[in-house]
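Q: Below is the file model.cif, which contains mmCIF, C-alpha atoms.
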```cif
data_input
#
loop_
_atom_site.label_atom_id
_atom_site.label_comp_id
_atom_site.auth_asym_id
_atom_site.auth_seq_id
_atom_site.Cartn_x
_atom_site.Cartn_y
_atom_site.Cartn_z
CA MET C 1 -19.15 7.49 1.09
CA ALA C 2 -16.17 5.14 0.82
CA ARG C 3 -14.14 7.92 -0.73
CA MET C 4 -15.06 10.29 2.07
CA ASN C 5 -14.13 7.74 4.71
CA GLU C 6 -10.68 7.36 3.22
CA GLN C 7 -9.96 11.09 3.35
CA HIS C 8 -8.91 11.61 6.96
CA GLY C 9 -10.00 15.13 7.57
CA GLY C 10 -12.33 14.59 10.52
CA GLY C 11 -12.40 16.28 13.87
CA PRO C 12 -11.59 15.03 17.39
CA SER C 13 -14.08 12.13 17.23
CA HIS C 14 -12.47 10.96 14.00
CA TRP C 15 -9.01 11.25 15.65
CA TRP C 16 -10.05 9.07 18.59
CA ARG C 17 -11.77 6.48 16.45
CA TYR C 18 -9.15 6.05 13.74
CA GLY C 19 -5.98 7.33 15.39
CA PRO C 20 -3.79 10.38 14.95
CA PRO C 21 -2.31 11.02 11.51
CA GLY C 22 0.80 8.97 10.88
CA TRP C 23 0.09 6.02 13.16
CA ASN C 24 0.17 2.62 11.42
CA ARG C 25 0.77 4.17 8.00
CA PRO C 26 3.84 2.72 6.28
CA ASP C 27 4.78 5.87 4.39
CA GLN C 28 4.62 8.17 7.40
CA ALA C 29 6.20 5.56 9.67
CA ALA C 30 9.18 5.48 7.30
CA THR C 31 9.34 9.27 7.46
CA HIS C 32 9.43 9.13 11.27
CA ARG C 33 12.29 6.63 11.12
CA ALA C 34 14.20 8.77 8.62
CA ARG C 35 13.73 12.05 10.52
CA PRO C 36 14.52 12.12 14.26
CA PRO C 37 11.91 14.00 16.33
CA TRP C 38 14.04 17.09 16.83
CA ARG C 39 11.29 19.52 17.72
CA SER C 40 9.66 17.50 20.49
CA THR C 41 13.04 16.43 21.88
CA VAL C 42 14.33 20.01 22.07
CA LEU C 43 11.16 21.16 23.83
CA LEU C 44 11.35 18.23 26.25
CA THR C 45 15.05 18.92 26.95
CA ALA C 46 14.35 22.56 27.73
CA PHE C 47 11.52 21.57 30.05
CA VAL C 48 13.67 18.99 31.88
CA LEU C 49 16.56 21.44 32.37
CA ALA C 50 14.34 24.31 33.51
CA GLY C 51 12.23 22.07 35.72
CA SER C 52 15.29 20.53 37.34
CA ASP C 53 16.62 24.01 38.19
CA PHE C 54 13.30 24.87 39.79
CA ALA C 55 13.24 21.56 41.69
CA ALA C 56 16.79 22.16 42.97
CA HIS C 57 15.68 25.34 44.74
CA ALA C 58 12.87 23.45 46.45
CA GLN C 59 15.17 20.60 47.64
CA PRO C 60 18.13 22.27 49.39
CA ASP C 61 19.04 19.01 51.14
CA ARG C 62 19.97 17.38 47.81
CA VAL C 63 23.19 17.87 45.85
CA PRO C 64 22.97 21.05 43.75
CA LEU C 65 22.99 20.78 39.99
CA ASP C 66 26.55 20.71 38.73
CA GLY C 67 28.17 19.92 35.40
CA TYR C 68 27.78 16.14 35.85
CA ALA C 69 24.09 16.54 36.66
CA ARG C 70 23.44 18.67 33.59
CA VAL C 71 25.31 16.24 31.35
CA LEU C 72 23.17 13.37 32.65
CA LEU C 73 20.02 15.40 32.08
CA LEU C 74 21.13 16.20 28.53
CA VAL C 75 22.03 12.56 27.84
CA ALA C 76 18.67 11.31 29.11
CA SER C 77 16.85 13.86 26.96
CA ALA C 78 19.01 13.55 23.86
CA LEU C 79 18.50 9.77 23.75
CA LEU C 80 14.86 10.45 22.88
CA LEU C 81 15.99 11.49 19.38
CA TRP C 82 16.31 7.78 18.59
CA ARG C 83 13.13 6.58 20.29
CA HIS C 84 11.51 5.68 16.94
CA ARG C 85 14.52 3.88 15.47
CA HIS C 86 15.86 2.16 18.60
CA PRO C 87 13.08 2.13 21.22
CA VAL C 88 14.61 -0.63 23.37
CA ALA C 89 18.02 1.04 23.62
CA VAL C 90 16.38 4.38 24.41
CA ALA C 91 14.21 2.86 27.16
CA PHE C 92 17.25 1.32 28.91
CA GLY C 93 19.45 4.35 28.23
CA THR C 94 17.04 6.87 29.79
CA SER C 95 16.52 4.60 32.78
CA ALA C 96 20.27 4.20 33.30
CA ALA C 97 20.96 7.95 32.95
CA THR C 98 18.16 8.79 35.37
CA LEU C 99 19.36 6.18 37.87
CA ALA C 100 22.89 7.62 37.73
CA TYR C 101 21.47 11.12 38.24
CA LEU C 102 19.57 10.02 41.35
CA ALA C 103 22.46 7.95 42.69
CA LEU C 104 24.65 11.09 42.71
CA GLY C 105 22.12 12.70 45.05
CA HIS C 106 20.73 15.31 42.70
CA PRO C 107 17.18 16.61 43.26
CA TYR C 108 14.11 14.76 42.09
CA GLY C 109 12.35 16.45 39.21
CA PRO C 110 11.18 16.16 35.60
CA VAL C 111 14.07 13.84 34.70
CA PHE C 112 11.56 11.01 35.19
CA LEU C 113 9.70 12.38 32.17
CA THR C 114 12.47 11.14 29.88
CA VAL C 115 12.01 7.60 31.22
CA ALA C 116 8.25 7.87 30.73
CA VAL C 117 8.63 8.97 27.10
CA GLY C 118 11.29 6.36 26.34
CA CYS C 119 9.30 3.47 27.84
CA PHE C 120 6.11 4.75 26.24
CA GLY C 121 7.78 4.59 22.83
CA ALA C 122 9.04 1.07 23.47
CA VAL C 123 5.61 -0.23 24.50
CA VAL C 124 3.87 1.42 21.56
CA ALA C 125 6.49 -0.05 19.21
CA GLY C 126 5.67 -3.52 20.55
CA HIS C 127 8.65 -4.00 22.92
CA ARG C 128 6.62 -4.45 26.09
CA ARG C 129 9.08 -6.68 27.93
CA ALA C 130 11.95 -4.28 27.29
CA ALA C 131 9.90 -1.36 28.61
CA TRP C 132 8.90 -3.30 31.72
CA ALA C 133 12.52 -4.35 32.26
CA ALA C 134 13.75 -0.75 31.90
CA VAL C 135 11.34 0.69 34.47
CA THR C 136 11.96 -2.27 36.77
CA LEU C 137 15.69 -1.58 36.52
CA LEU C 138 15.12 2.05 37.48
CA TRP C 139 12.87 1.14 40.39
CA ALA C 140 15.16 -1.61 41.69
CA GLY C 141 18.19 0.71 41.48
CA HIS C 142 16.29 3.42 43.31
CA VAL C 143 15.29 1.00 46.07
CA LEU C 144 18.91 -0.15 46.39
CA VAL C 145 20.16 3.43 46.66
CA ALA C 146 17.37 4.64 48.97
CA LEU C 147 17.51 1.70 51.42
CA TRP C 148 21.18 0.70 51.46
CA LEU C 149 23.72 2.56 49.31
CA TYR C 150 22.66 6.00 50.57
CA ARG C 151 25.27 5.64 53.39
CA TRP C 152 28.14 5.84 50.90
CA LEU C 153 26.57 8.10 48.26
CA PRO C 154 25.97 11.86 48.29
CA PRO C 155 24.56 13.93 49.81
CA ALA C 156 26.35 13.55 53.10
CA GLY C 157 24.11 12.76 56.02
CA ASP C 158 21.32 11.49 53.83
CA ARG C 159 18.78 9.23 55.48
CA GLY C 160 17.10 6.16 54.04
CA ALA C 161 13.76 6.46 52.28
CA GLY C 162 10.56 5.34 53.93
CA ILE C 163 7.91 2.94 52.72
CA GLY C 164 5.65 5.82 51.68
CA GLN C 165 8.27 7.24 49.33
CA GLU C 166 8.77 3.87 47.67
CA ILE C 167 5.01 3.47 47.26
CA VAL C 168 4.97 6.81 45.44
CA VAL C 169 7.75 5.64 43.13
CA VAL C 170 5.99 2.33 42.44
CA THR C 171 2.74 4.17 41.72
CA TRP C 172 4.52 6.45 39.28
CA VAL C 173 6.11 3.47 37.51
CA LEU C 174 2.79 1.62 37.24
CA ALA C 175 1.06 4.74 35.92
CA VAL C 176 3.66 5.16 33.17
CA VAL C 177 3.39 1.52 32.12
CA ALA C 178 -0.42 1.57 32.27
CA LEU C 179 -0.60 4.63 30.02
CA ALA C 180 1.83 3.06 27.60
CA GLU C 181 -0.19 -0.18 27.50
CA LEU C 182 -3.39 1.78 26.93
CA ALA C 183 -1.77 3.58 24.00
CA ARG C 184 -0.53 0.27 22.58
CA VAL C 185 -3.97 -1.35 22.79
CA ARG C 186 -5.63 1.65 21.21
CA ARG C 187 -3.06 1.74 18.43
CA GLU C 188 -3.70 -1.93 17.66
CA GLN C 189 -7.42 -1.18 17.52
CA TRP C 190 -6.77 1.65 15.07
CA ALA C 191 -4.64 -0.67 12.95
CA ARG C 192 -7.40 -3.31 12.86
CA GLU C 193 -10.03 -0.71 12.00
CA ARG C 194 -7.90 0.62 9.15
CA ALA C 195 -7.31 -2.91 7.89
CA ASP C 196 -11.05 -3.63 8.06
CA ARG C 197 -11.85 -0.45 6.14
CA ALA C 198 -9.23 -1.27 3.50
CA GLU C 199 -10.62 -4.80 3.14
CA ALA C 200 -14.17 -3.47 2.85
CA ALA C 201 -13.03 -1.02 0.15
CA ARG C 202 -11.32 -3.85 -1.76
CA ARG C 203 -14.44 -5.98 -1.43
CA ARG C 204 -16.65 -3.19 -2.75
CA ALA C 205 -14.25 -2.67 -5.66
CA ASP C 206 -14.32 -6.40 -6.46
CA GLU C 207 -18.11 -6.49 -6.32
CA GLU C 208 -18.35 -3.47 -8.61
CA ARG C 209 -15.85 -5.01 -11.03
CA LEU C 210 -17.86 -8.25 -11.14
CA ARG C 211 -21.09 -6.31 -11.64
CA ILE C 212 -19.65 -4.41 -14.60
CA ALA C 213 -18.20 -7.63 -16.03
CA ARG C 214 -21.64 -9.28 -15.81
CA GLU C 215 -23.33 -6.33 -17.48
CA LEU C 216 -20.83 -6.21 -20.33
CA HIS C 217 -20.97 -9.97 -20.83
CA ASP C 218 -24.77 -10.08 -20.89
CA VAL C 219 -25.07 -7.12 -23.25
CA LEU C 220 -22.35 -8.16 -25.65
CA ALA C 221 -23.05 -11.90 -25.65
CA HIS C 222 -26.71 -11.41 -26.55
CA SER C 223 -26.16 -8.73 -29.18
CA ILE C 224 -23.17 -10.41 -30.80
CA SER C 225 -25.07 -13.70 -30.98
CA VAL C 226 -27.88 -11.96 -32.84
CA ILE C 227 -25.36 -10.21 -35.09
CA ASN C 228 -23.54 -13.49 -35.77
CA VAL C 229 -26.71 -15.30 -36.78
CA GLN C 230 -27.91 -12.44 -38.97
CA ALA C 231 -24.49 -12.02 -40.58
CA GLY C 232 -24.45 -15.71 -41.52
CA MET C 233 -27.98 -15.44 -42.89
CA GLY C 234 -27.10 -12.31 -44.87
CA LEU C 235 -24.05 -13.92 -46.43
CA ALA C 236 -26.04 -17.00 -47.39
CA LEU C 237 -28.87 -14.96 -48.98
CA LEU C 238 -26.82 -12.13 -50.44
CA ASP C 239 -27.07 -13.47 -53.99
CA SER C 240 -30.28 -15.48 -53.91
CA ASP C 241 -32.50 -13.17 -51.83
CA PRO C 242 -31.11 -9.61 -51.58
CA GLU C 243 -34.22 -8.34 -49.74
CA GLN C 244 -33.80 -10.93 -46.98
CA ALA C 245 -30.10 -10.11 -46.81
CA ARG C 246 -31.03 -6.42 -46.46
CA ALA C 247 -33.36 -7.28 -43.58
CA ALA C 248 -30.51 -9.20 -41.88
CA LEU C 249 -28.24 -6.19 -42.23
CA THR C 250 -30.95 -3.96 -40.77
CA THR C 251 -31.23 -6.29 -37.78
CA ILE C 252 -27.44 -6.22 -37.37
CA LYS C 253 -27.49 -2.43 -37.37
CA ALA C 254 -30.26 -2.27 -34.76
CA ALA C 255 -28.62 -4.89 -32.51
CA SER C 256 -25.22 -3.21 -32.67
CA LYS C 257 -26.74 0.21 -31.93
CA GLU C 258 -28.56 -1.15 -28.89
CA ALA C 259 -25.40 -2.91 -27.68
CA LEU C 260 -23.36 0.27 -28.04
CA GLY C 261 -25.97 2.23 -26.11
CA GLU C 262 -25.97 -0.22 -23.21
CA VAL C 263 -22.16 -0.43 -23.17
CA ARG C 264 -22.00 3.38 -23.00
CA GLN C 265 -24.42 3.32 -20.07
CA VAL C 266 -22.28 0.79 -18.19
CA LEU C 267 -19.06 2.68 -18.90
CA GLY C 268 -20.74 5.94 -17.94
CA THR C 269 -21.08 4.68 -14.37
CA LEU C 270 -17.30 4.27 -14.30
CA ARG C 271 -16.57 7.78 -15.53
CA ALA C 272 -19.04 9.46 -13.16
CA PRO C 273 -19.49 7.30 -10.01
CA GLY C 274 -22.49 8.35 -8.00
CA ALA C 275 -24.19 10.12 -10.91
CA ALA C 276 -27.63 8.97 -11.91
CA PRO C 277 -27.73 6.88 -15.11
CA ARG C 278 -29.01 8.70 -18.17
CA ALA C 279 -31.36 5.85 -19.09
CA PRO C 280 -33.37 3.62 -16.76
CA ALA C 281 -32.07 0.12 -16.20
CA PRO C 282 -33.81 -2.46 -18.39
CA GLY C 283 -36.52 -4.57 -16.79
CA LEU C 284 -39.13 -7.14 -17.71
CA ASP C 285 -41.17 -4.42 -19.43
CA ARG C 286 -38.65 -4.87 -22.26
CA LEU C 287 -39.37 -8.57 -22.59
CA PRO C 288 -41.12 -8.03 -25.97
CA GLU C 289 -37.85 -6.56 -27.29
CA LEU C 290 -36.01 -9.72 -26.28
CA VAL C 291 -38.65 -11.78 -28.09
CA GLU C 292 -38.22 -9.67 -31.24
CA GLN C 293 -34.43 -9.92 -31.10
CA ALA C 294 -34.66 -13.68 -30.63
CA ALA C 295 -37.02 -13.89 -33.59
CA ALA C 296 -34.51 -11.94 -35.69
CA ALA C 297 -31.95 -14.60 -34.77
CA GLY C 298 -34.31 -17.35 -35.93
CA LEU C 299 -35.66 -18.31 -32.49
CA THR C 300 -39.38 -18.41 -31.76
CA VAL C 301 -40.18 -17.51 -28.15
CA ASP C 302 -43.52 -18.13 -26.45
CA THR C 303 -44.19 -16.20 -23.25
CA GLU C 304 -46.60 -17.10 -20.49
CA GLY C 305 -47.55 -14.81 -17.63
CA GLU C 306 -47.61 -11.04 -17.25
CA PRO C 307 -44.36 -9.25 -16.35
CA PRO C 308 -44.84 -7.84 -12.81
CA ARG C 309 -43.74 -4.40 -11.68
CA LEU C 310 -40.45 -4.94 -9.88
CA PRO C 311 -37.91 -2.73 -8.14
CA PRO C 312 -35.04 -1.70 -10.44
CA GLY C 313 -32.57 -4.20 -8.99
CA ALA C 314 -34.86 -7.21 -9.29
CA GLY C 315 -36.16 -6.08 -12.70
CA LEU C 316 -32.64 -5.76 -14.11
CA ALA C 317 -31.63 -9.18 -12.76
CA ALA C 318 -34.74 -10.83 -14.21
CA PHE C 319 -34.21 -9.15 -17.60
CA ARG C 320 -30.56 -10.21 -17.79
CA ILE C 321 -31.37 -13.79 -16.77
CA VAL C 322 -33.98 -14.13 -19.52
CA GLN C 323 -31.63 -12.43 -21.99
CA GLU C 324 -28.74 -14.77 -21.17
CA ALA C 325 -30.97 -17.86 -21.24
CA LEU C 326 -32.30 -16.98 -24.70
CA THR C 327 -28.77 -16.19 -25.89
CA ASN C 328 -27.67 -19.64 -24.75
CA VAL C 329 -30.54 -21.21 -26.69
CA VAL C 330 -29.46 -19.36 -29.84
CA ARG C 331 -25.81 -20.31 -29.40
CA HIS C 332 -25.92 -23.79 -27.90
CA SER C 333 -29.24 -25.42 -28.77
CA GLY C 334 -30.40 -27.07 -31.95
CA SER C 335 -33.96 -26.07 -31.11
CA ARG C 336 -35.45 -22.98 -32.75
CA HIS C 337 -38.20 -22.73 -30.18
CA ALA C 338 -38.12 -21.55 -26.55
CA ARG C 339 -40.67 -20.88 -23.84
CA VAL C 340 -40.52 -18.23 -21.11
CA ARG C 341 -42.87 -18.56 -18.15
CA LEU C 342 -43.28 -15.88 -15.47
CA ALA C 343 -45.04 -16.42 -12.14
CA TYR C 344 -45.15 -13.81 -9.38
CA ALA C 345 -46.62 -14.43 -5.94
CA ASP C 346 -45.87 -13.31 -2.37
CA GLY C 347 -43.01 -11.07 -3.45
CA VAL C 348 -41.19 -13.88 -5.24
CA LEU C 349 -40.69 -14.03 -9.00
CA ARG C 350 -40.23 -17.42 -10.66
CA LEU C 351 -38.76 -17.50 -14.14
CA ARG C 352 -38.57 -20.62 -16.27
CA ILE C 353 -36.94 -20.74 -19.68
CA ASP C 354 -37.16 -24.03 -21.65
CA ASP C 355 -35.96 -25.23 -25.01
CA ASP C 356 -36.38 -28.65 -26.61
CA GLY C 357 -32.75 -29.18 -27.65
CA PRO C 358 -30.73 -31.01 -28.66
CA ALA C 359 -27.63 -29.31 -27.28
CA THR C 360 -24.85 -28.38 -29.68
CA GLY C 361 -21.25 -27.37 -28.99
CA ALA C 362 -18.79 -28.43 -26.31
CA ASP C 363 -20.00 -25.91 -23.70
CA ALA C 364 -23.70 -26.45 -24.26
CA GLY C 365 -24.15 -27.87 -20.81
CA GLY C 366 -23.81 -24.49 -19.14
CA GLY C 367 -20.27 -24.22 -17.88
CA GLY C 368 -19.53 -20.76 -19.28
CA ASN C 369 -19.57 -17.27 -17.81
CA GLY C 370 -23.22 -16.72 -18.69
CA LEU C 371 -24.64 -19.18 -16.18
CA ALA C 372 -22.12 -18.04 -13.57
CA GLY C 373 -23.32 -14.47 -14.06
CA MET C 374 -26.96 -15.56 -13.73
CA ARG C 375 -26.18 -17.32 -10.44
CA GLU C 376 -24.36 -14.22 -9.14
CA ARG C 377 -27.33 -12.00 -10.02
CA ALA C 378 -29.76 -14.34 -8.28
CA ALA C 379 -27.52 -14.70 -5.22
CA ALA C 380 -27.25 -10.91 -4.89
CA LEU C 381 -31.04 -10.82 -4.43
CA GLY C 382 -31.10 -13.83 -2.11
CA GLY C 383 -32.48 -16.03 -4.88
CA THR C 384 -31.43 -19.22 -6.64
CA ILE C 385 -30.77 -20.48 -10.15
CA GLU C 386 -31.20 -24.05 -11.34
CA ALA C 387 -29.94 -24.85 -14.83
CA GLY C 388 -29.48 -28.19 -16.53
CA PRO C 389 -30.81 -30.73 -19.02
CA ARG C 390 -34.44 -31.83 -18.72
CA PRO C 391 -35.27 -35.53 -18.35
CA ASP C 392 -37.25 -35.47 -21.60
CA GLY C 393 -34.53 -33.62 -23.51
CA GLY C 394 -33.74 -29.95 -23.98
CA PHE C 395 -32.51 -27.53 -21.36
CA ARG C 396 -34.19 -25.59 -18.54
CA VAL C 397 -33.27 -22.52 -16.54
CA LEU C 398 -35.32 -21.96 -13.38
CA ALA C 399 -34.78 -18.75 -11.41
CA VAL C 400 -36.38 -17.83 -8.07
CA LEU C 401 -35.92 -14.13 -7.22
CA PRO C 402 -37.20 -12.46 -4.02
CA SER C 403 -38.10 -9.09 -5.51
CA HIS C 404 -38.52 -7.30 -2.17
CA LEU C 405 -34.71 -7.14 -1.86
CA GLY C 406 -34.30 -5.57 -5.25
CA GLU C 407 -34.74 -2.01 -4.02
CA ASP C 408 -31.81 -2.31 -1.62
CA GLN C 409 -29.61 -3.85 -4.31
#
```
What does the file become when written as structure tokens?
A:
Amino acid sequence: MARMNEQHGGGPSHWWRYGPPGWNRPDQAATHRARPPWRSTVLLTAFVLAGSDFAAHAQPDRVPLDGYARVLLLVASALLLWRHRHPVAVAFGTSAATLAYLALGHPYGPVFLTVAVGCFGAVVAGHRRAAWAAVTLLWAGHVLVALWLYRWLPPAGDRGAGIGQEIVVVTWVLAVVALAELARVRREQWARERADRAEAARRRADEERLRIARELHDVLAHSISVINVQAGMGLALLDSDPEQARAALTTIKAASKEALGEVRQVLGTLRAPGAAPRAPAPGLDRLPELVEQAAAAGLTVDTEGEPPRLPPGAGLAAFRIVQEALTNVVRHSGSRHARVRLAYADGVLRLRIDDDGPATGADAGGGGNGLAGMRERAAALGGTIEAGPRPDGGFRVLAVLPSHLGEDQ
């Protein structure tokens, strides 16, 4: 789903929700800055020139279009080529060219469209004050010409503008600015939505990376601990008791094969995301296997309570917690005896793993990655982990897992 969301190939609803292609994307924004918008500018220039000719026929009282008028129209339109690189200069330039065009008495027409596009680009680019100043300059100049300077400017015999005409001009200016502000707000919303989606994708990637790291740590730590103990036993008994050494080697072979199988399963999810795993995730139904593996490492494990039927997520978390706890006993405890107690009631599984100690090694208190992984597994299900020395000696791991959330996980 995340991959589909990142491929922007949706229809109109997708366009309105996430923005048109190219907005707020650094690579395409750089392309826009490097390549002036020739096509749209040429089309707009042709429209302005043709529309001004048509408007001139409908306004015989204004000064006809001459060479100066057409140059001003071309200047106002050509400035739009730089509206992405220099939006402020374009906004003021189009306003000034349009004001000069009107001051010379030429007919009203689509020349205002160049001001609208220039100011729109400035607002969208974040230069709101410049856009407001540009349209205010145009409006103030028009008021000055229409109410006072018209006596000395062409066309001859022109009369001053009325209040109604100025209201129309003000309405047009406000409409242009309002549309530009609406586009700016919507663009900012699109930028925030894209940033939120990118952050969510990064968060999902981090969570998946941590999940795989936990799986690999739990699988390898347990199996390598068993292999280490059996390898030491085999070396010690190689000469005095070859049969016992052979049994240790057999245990090493079985433990390494199981570890390789589980590592392949974890790595398989990376190679084919979304594909169903080839083997079911381990659960508490494999608790007897953990007991046998612990026994092969010289640890006697007593179990109390029947393993309940749990959803896959909760079952995997419970299995890994017991596996890591027993691995820690093998590696960090001087005791060769551990107890696992299971209690399930009201949708909550309580796991307790005890050993009688004493602790051995510098990290025997539980500061390694194993306990951190157990806490992360429990937290993912809304549960808790308590781990620490017991008052009477030894070490205890107590896990409380709400299994009803396991299916969602």
Q: Sorted by chain and rising residue number, which residues of stretch 220-250 of chain C lie within 9 Å of stretch 287-298 of chain C, and what are their closest atom pairs and distances in Å to one decimal, counting all atoms listed in the file, as JSON lines?
A:
```
{"residue": "C:Ser223", "atom": "CA", "partner": "C:Gln293", "partner_atom": "CA", "distance": 8.6}
{"residue": "C:Ser225", "atom": "CA", "partner": "C:Ala297", "partner_atom": "CA", "distance": 7.9}
{"residue": "C:Val226", "atom": "CA", "partner": "C:Ala297", "partner_atom": "CA", "distance": 5.2}
{"residue": "C:Ile227", "atom": "CA", "partner": "C:Ala297", "partner_atom": "CA", "distance": 7.9}
{"residue": "C:Asn228", "atom": "CA", "partner": "C:Ala297", "partner_atom": "CA", "distance": 8.5}
{"residue": "C:Val229", "atom": "CA", "partner": "C:Ala297", "partner_atom": "CA", "distance": 5.7}
{"residue": "C:Gln230", "atom": "CA", "partner": "C:Ala297", "partner_atom": "CA", "distance": 6.2}
{"residue": "C:Ala248", "atom": "CA", "partner": "C:Ala296", "partner_atom": "CA", "distance": 7.9}
```
Q: Restricting the calculation to all atoms listed in the file, which member of C:Gly388, C:Gly383, C:Gly232, C:Gly334 is positioned closest to C:Ile353?
A: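 Using all atoms listed in the file, the shortest distance to C:Ile353 belongs to C:Gly388.
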Q: Selection in question (the file shown): the PyMOL selection byres ((chain C and resi 375) around 10). Which residues does it include, as an MDAnalysis selection string?
A: chainID C and resid 321 369:374 376:380 383:387 399
Q: Write out as a VMD selection string which residues come within 7 Å of stretch 105-120 of chain C when counting all atoms listed in the file, dropping same-chain ones fewer than 5 positions away.
A: chain C and resid 48 51 to 52 55 to 56 59 62 to 65 73 76 to 77 80 83 87 90 to 91 94 to 95 98 131 154 to 155 176 180
Q: From the set C:Gly283, C:Gly67, C:Gly394, C:Gly141, which residue has the shortest atom-to-atom contact distance to C:Thr360, counting all atoms listed in the file?
A: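 Comparing C:Gly283, C:Gly67, C:Gly394, C:Gly141 against C:Thr360, the winner is C:Gly394.
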Q: Please provide as an mmCIF file with C-alpha atoms, in the frame of the given file all residues within 9 Å of C:Trp139, with the sequence filter that same-chain residues fewer than 6 positions apart are discarded (counting only C-alpha atoms).
A:
```
data_model
loop_
_atom_site.group_PDB
_atom_site.id
_atom_site.type_symbol
_atom_site.label_atom_id
_atom_site.label_comp_id
_atom_site.auth_asym_id
_atom_site.auth_seq_id
_atom_site.Cartn_x
_atom_site.Cartn_y
_atom_site.Cartn_z
ATOM 1 C CA LEU C 99 19.360 6.180 37.870
ATOM 2 C CA GLU C 166 8.770 3.870 47.670
ATOM 3 C CA VAL C 169 7.750 5.640 43.130
ATOM 4 C CA VAL C 170 5.990 2.330 42.440
ATOM 5 C CA VAL C 173 6.110 3.470 37.510
#
```
Q: Which residue out of C:Trp190, C:Phe54, C:Tyr101, C:Trp148 has the minimum interatomic distance to C:Asp66 when only C-alpha atoms are used?
A: C:Tyr101
Q: Could you give me the centre and size, in Å to one decimal, of an axis-aligned box around all listed atoms of stretch 206-224 of chain C with 4 Å added on every side, as lines of an AutoDock Vina configuration file?
A:
```
center_x = -20.5
center_y = -7.7
center_z = -18.6
size_x = 20.4
size_y = 16.4
size_z = 32.5
```
Q: Quick one: of C:Arg128, C:His57, C:Arg192, C:His217, who's nearest to C:Glu324, counting all atoms listed in the file?
A: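 Looking at the shortest contact to C:Glu324, the residue is C:His217.
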Q: Work out how far apart atom CA of C:Gly315 and atom CA of C:Leu284 are and give it in Å to one decimal.
A: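 Those two atoms sit 5.9 Å apart.
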